[in-house]
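Asker: Okay, handing you the structure first.
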There are 2 protein chains.
Amino acid sequence: MNKPRLLEVYNCLCDETRLRIVHLLAQSPLCVCHLQDILGLTQVSASKHLAYLRQRGLVVSRRHEQWMIYSLPTERPRELDWQLRCLQDCLPTHPIFRGDLRKLNAVRSDCCWVAEVVGTTPTAPVHSSRIKRRTE
Amino acid sequence: MNKPRLLEVYNCLCDETRLRIVHLLAQSPLCVCHLQDILGLTQVSASKHLAYLRQRGLVVSRRHEQWMIYSLPTERPRELDWQLRCLQDCLPTHPIFRGDLRKLNAVRSDCCWVAEVVGTTPTAPVHSSRIKRRTE
DNA sequence: CAGGAATATACCTGTATAAGAATTAGCGTC
DNA sequence: GACGCTAATTCTTATACAGGTATATTCCTG
């Protein structure tokens with residue numbers, strides 16, 4: 001029924017978990033398990049929220065070995081671009097999102113393989129460090 | 001639980017009816033019955049959505065005789081200001097909102113008292129024209 | 001190909017809320 | 001004060017969706 005694109009964007013962002021996900025992905029691409037860690041989500045919850053966002057075009061995913069890497073699309077509808085600017089302006093002062101950014105940086109420094117995996121060249125092998133992550 | 005202000009704004013705008021209301025009020029203050037007419041809402045639906053918006057600070061209301069005039073607050077949180085800019089940029093092309101603006105202009109021209117009532121000086125008497133509106 | 005890790009899906013349940021009907025309340029005219 | 005108009009509230013019902021459990025799928029390693 002030709003739902004306005006902007007309305008779909010609002011439907012995505014009106015849930016706190018999804019707002020936090022988009023806020024994090026605006027900083028860096030991330031795999032599902034890192035989003036779980038940072039946001040304290042169950043695997044199912046993370047996966048379902050990401051599916052919701054993916055189906056509405058707010059995020060894209062690509063497989064890298066056994067991980068799914070989620071990121072913001074490079075070609076973004078203007079509706080989303082407005083929201084990203086708004087997030088950047090309005091969220092940094094709020095404790096929830098400050099905390100998320102802190103945890104994001106912890107993940108980045110703890111996991112030597114994140115930079116490789118989430119970067120623009122996702123083809124580097126990361127086997128040994130992957131095991132390191134899961135056992136730590 | 002200290003819900004982020006931006007999340008509340010999204011909760012308001014993620015409903016199509018409320019998005020259309022805010023879009024209209026960004027053009028001009030309006031009384032409830034005009035919003036009903038323009039959007040094709042029942043009295044109850046209009047009133048409840050407006051209460052939802054009012055409780056979250058996205059709109060304010062003032063009584064003028066037997067009408068409640070709703071408008072955007074003059075002092076707006078930045079979260080709302082971002083959305084107003086976004087609406088102005090993203091919505092004009094969509095048929096739903098174009099239609100709403102058309103109907104808004106029809107109301108404005110049909111009803112000689114709208115300008116008086118919704119203006120910054122809401123004290124002018126409008127009795128005769130009010131009756132005219134209801135019977136036409 | 002067996003097994004494990006990461007992710008997705010199907011199903012069920014609970015909750016928030018949108019919509020409708022009926023009622024109530026406020027303001028103005030007569 | 002009775003009546004008409006505008007708006008708000010209450011109650012009930014219906015629907016969307018978030019969360020949980022169990023299961024399926026895909027990829028990698030040995």
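In the structure tokens, chains take the letters A, B, ... in the order shown, each chain's residues start at 1, and ligands count up from 1 in the order shown.
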Find the residues in chain B near chain C: any atom within 9 Å counts, using only C-alpha atoms (C1' of nucleotides). Write them as a PyMOL selection string.

Answerer: chain B and resi 44-45+65-67+127

Asker: Would you export the selected residues with all heavy atoms as an mmCIF file, in the first residue's frame, please?

Answerer:
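Written output follows (result-v9.cif):
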data_model
loop_
_atom_site.group_PDB
_atom_site.id
_atom_site.type_symbol
_atom_site.label_atom_id
_atom_site.label_comp_id
_atom_site.auth_asym_id
_atom_site.auth_seq_id
_atom_site.Cartn_x
_atom_site.Cartn_y
_atom_site.Cartn_z
ATOM 1 N N VAL B 44 -12.632 10.284 18.102
ATOM 2 C CA VAL B 44 -11.877 9.599 19.148
ATOM 3 C C VAL B 44 -10.440 9.365 18.711
ATOM 4 O O VAL B 44 -9.496 9.599 19.472
ATOM 5 C CB VAL B 44 -12.557 8.266 19.506
ATOM 6 C CG1 VAL B 44 -11.693 7.480 20.467
ATOM 7 C CG2 VAL B 44 -13.924 8.529 20.105
ATOM 8 N N SER B 45 -10.282 8.892 17.492
ATOM 9 C CA SER B 45 -8.936 8.600 17.006
ATOM 10 C C SER B 45 -8.082 9.860 17.007
ATOM 11 O O SER B 45 -6.938 9.855 17.490
ATOM 12 C CB SER B 45 -9.033 8.002 15.606
ATOM 13 O OG SER B 45 -7.749 7.828 15.070
ATOM 14 N N GLU B 65 -12.424 29.109 22.956
ATOM 15 C CA GLU B 65 -13.855 28.847 23.086
ATOM 16 C C GLU B 65 -14.056 27.332 23.158
ATOM 17 O O GLU B 65 -13.422 26.695 23.987
ATOM 18 C CB GLU B 65 -14.622 29.509 21.927
ATOM 19 C CG GLU B 65 -14.428 31.025 21.988
ATOM 20 C CD GLU B 65 -15.057 31.751 20.828
ATOM 21 O OE1 GLU B 65 -15.647 31.085 19.959
ATOM 22 O OE2 GLU B 65 -14.979 32.995 20.779
ATOM 23 N N GLN B 66 -14.874 26.773 22.305
ATOM 24 C CA GLN B 66 -15.056 25.329 22.481
ATOM 25 C C GLN B 66 -14.085 24.478 21.680
ATOM 26 O O GLN B 66 -14.223 23.262 21.660
ATOM 27 C CB GLN B 66 -16.490 24.908 22.175
ATOM 28 C CG GLN B 66 -16.897 25.026 20.731
ATOM 29 C CD GLN B 66 -17.927 26.115 20.565
ATOM 30 O OE1 GLN B 66 -17.674 27.261 20.910
ATOM 31 N NE2 GLN B 66 -19.073 25.763 20.046
ATOM 32 N N TRP B 67 -13.131 25.112 21.026
ATOM 33 C CA TRP B 67 -12.170 24.328 20.254
ATOM 34 C C TRP B 67 -10.842 24.176 20.980
ATOM 35 O O TRP B 67 -10.409 25.073 21.713
ATOM 36 C CB TRP B 67 -11.910 24.997 18.899
ATOM 37 C CG TRP B 67 -13.109 25.077 18.042
ATOM 38 C CD1 TRP B 67 -13.660 24.069 17.308
ATOM 39 C CD2 TRP B 67 -13.924 26.224 17.824
ATOM 40 N NE1 TRP B 67 -14.771 24.517 16.647
ATOM 41 C CE2 TRP B 67 -14.960 25.832 16.932
ATOM 42 C CE3 TRP B 67 -13.893 27.530 18.267
ATOM 43 C CZ2 TRP B 67 -15.942 26.708 16.513
ATOM 44 C CZ3 TRP B 67 -14.875 28.403 17.849
ATOM 45 C CH2 TRP B 67 -15.883 27.989 16.979
ATOM 46 N N HIS B 127 -18.038 33.529 16.038
ATOM 47 C CA HIS B 127 -19.262 32.752 16.210
ATOM 48 C C HIS B 127 -19.995 32.470 14.908
ATOM 49 O O HIS B 127 -20.282 31.328 14.598
ATOM 50 C CB HIS B 127 -20.196 33.488 17.175
ATOM 51 C CG HIS B 127 -19.481 33.921 18.414
ATOM 52 N ND1 HIS B 127 -19.812 35.033 19.134
ATOM 53 C CD2 HIS B 127 -18.424 33.379 19.059
ATOM 54 C CE1 HIS B 127 -19.005 35.158 20.162
ATOM 55 N NE2 HIS B 127 -18.147 34.170 20.141
#

Asker: Could you work out which residues of chain D fall inside 12 Å of chain B? Count only C-alpha atoms (C1' of nucleotides), and format the result as a short mmCIF file (atom, residue, chain, number, x, y, z; two decimals) with N, CA, C and O atoms (P, O5', C5', C4', C3', O3' and C1' of nucleotides), in the first residue's frame.

Answerer:
data_model
loop_
_atom_site.label_atom_id
_atom_site.label_comp_id
_atom_site.auth_asym_id
_atom_site.auth_seq_id
_atom_site.Cartn_x
_atom_site.Cartn_y
_atom_site.Cartn_z
P DG D 4 -30.42 19.76 20.70
"O5'" DG D 4 -29.10 20.45 20.12
"C5'" DG D 4 -29.17 21.76 19.56
"C4'" DG D 4 -27.77 22.22 19.18
"C3'" DG D 4 -26.93 21.14 18.47
"O3'" DG D 4 -26.16 21.75 17.45
"C1'" DG D 4 -25.84 21.84 20.46
P DC D 5 -25.36 20.79 16.44
"O5'" DC D 5 -23.84 21.11 16.78
"C5'" DC D 5 -23.39 22.46 16.77
"C4'" DC D 5 -22.05 22.53 17.47
"C3'" DC D 5 -21.04 21.48 16.96
"O3'" DC D 5 -19.88 22.15 16.51
"C1'" DC D 5 -21.13 21.53 19.33
P DT D 6 -18.65 21.31 15.88
"O5'" DT D 6 -17.65 21.15 17.10
"C5'" DT D 6 -17.09 22.31 17.70
"C4'" DT D 6 -16.15 21.91 18.81
"C3'" DT D 6 -15.11 20.87 18.40
"O3'" DT D 6 -13.83 21.34 18.74
"C1'" DT D 6 -16.24 20.20 20.38
P DA D 7 -12.52 20.50 18.38
"O5'" DA D 7 -12.32 19.62 19.68
"C5'" DA D 7 -12.10 20.28 20.92
"C4'" DA D 7 -12.10 19.29 22.05
"C3'" DA D 7 -11.09 18.15 21.93
"O3'" DA D 7 -10.15 18.29 22.98
"C1'" DA D 7 -13.22 17.37 22.70
P DA D 8 -8.97 17.23 23.17
"O5'" DA D 8 -9.51 16.30 24.34
"C5'" DA D 8 -9.92 16.90 25.55
"C4'" DA D 8 -10.40 15.84 26.52
"C3'" DA D 8 -9.46 14.64 26.70
"O3'" DA D 8 -9.28 14.43 28.10
"C1'" DA D 8 -11.64 13.88 26.17
P DT D 9 -8.26 13.34 28.63
"O5'" DT D 9 -9.23 12.16 29.07
"C5'" DT D 9 -10.37 12.47 29.85
"C4'" DT D 9 -11.21 11.22 30.07
"C3'" DT D 9 -10.41 9.94 30.32
"O3'" DT D 9 -10.92 9.33 31.51
"C1'" DT D 9 -12.05 9.58 28.66
P DT D 10 -10.15 8.10 32.18
"O5'" DT D 10 -11.18 6.91 31.88
"C5'" DT D 10 -12.56 7.11 32.09
"C4'" DT D 10 -13.36 5.90 31.60
"C3'" DT D 10 -12.65 4.55 31.81
"O3'" DT D 10 -13.56 3.63 32.41
"C1'" DT D 10 -13.35 4.78 29.58
#

Asker: Find the residues of chain B that sit at most 10 Å from chain A; for each, write down the nearest two atoms and how far apart they are in Å, to one decimal. Count only C-alpha atoms. Sort by chain, then by number going up, and give it as a tab-separated table.

Answerer:
residue	atom	partner	partner_atom	distance
B:Asn2	CA	A:His94	CA	9.3
B:Lys3	CA	A:Glu16	CA	8.7
B:Pro4	CA	A:His94	CA	7.0
B:Arg5	CA	A:Cys90	CA	8.7
B:Leu6	CA	A:Cys90	CA	7.3
B:Leu7	CA	A:Cys14	CA	5.8
B:Glu8	CA	A:Cys14	CA	7.5
B:Val9	CA	A:Cys14	CA	8.1
B:Tyr10	CA	A:Cys14	CA	4.8
B:Asn11	CA	A:Cys14	CA	5.0
B:Cys12	CA	A:Cys14	CA	8.4
B:Leu13	CA	A:Tyr10	CA	6.4
B:Cys14	CA	A:Tyr10	CA	4.8
B:Asp15	CA	A:Leu7	CA	7.3
B:Glu16	CA	A:Leu7	CA	6.7
B:Leu19	CA	A:Leu7	CA	7.8
B:Pro77	CA	A:Cys90	CA	9.9
B:Arg78	CA	A:Cys90	CA	7.4
B:Glu79	CA	A:Cys90	CA	6.5
B:Leu80	CA	A:Cys86	CA	9.6
B:Asp81	CA	A:Cys86	CA	9.4
B:Trp82	CA	A:Cys86	CA	6.1
B:Gln83	CA	A:Trp82	CA	8.2
B:Arg85	CA	A:Trp82	CA	8.6
B:Cys86	CA	A:Trp82	CA	6.1
B:Leu87	CA	A:Leu6	CA	8.3
B:Asp89	CA	A:Glu79	CA	8.6
B:Cys90	CA	A:Glu79	CA	6.5
B:Leu91	CA	A:Leu6	CA	7.8
B:Thr93	CA	A:Pro4	CA	9.9
B:His94	CA	A:Pro4	CA	7.0
B:Pro95	CA	A:Pro4	CA	9.1
B:Ile96	CA	A:Pro4	CA	8.3
B:Phe97	CA	A:Pro4	CA	9.4
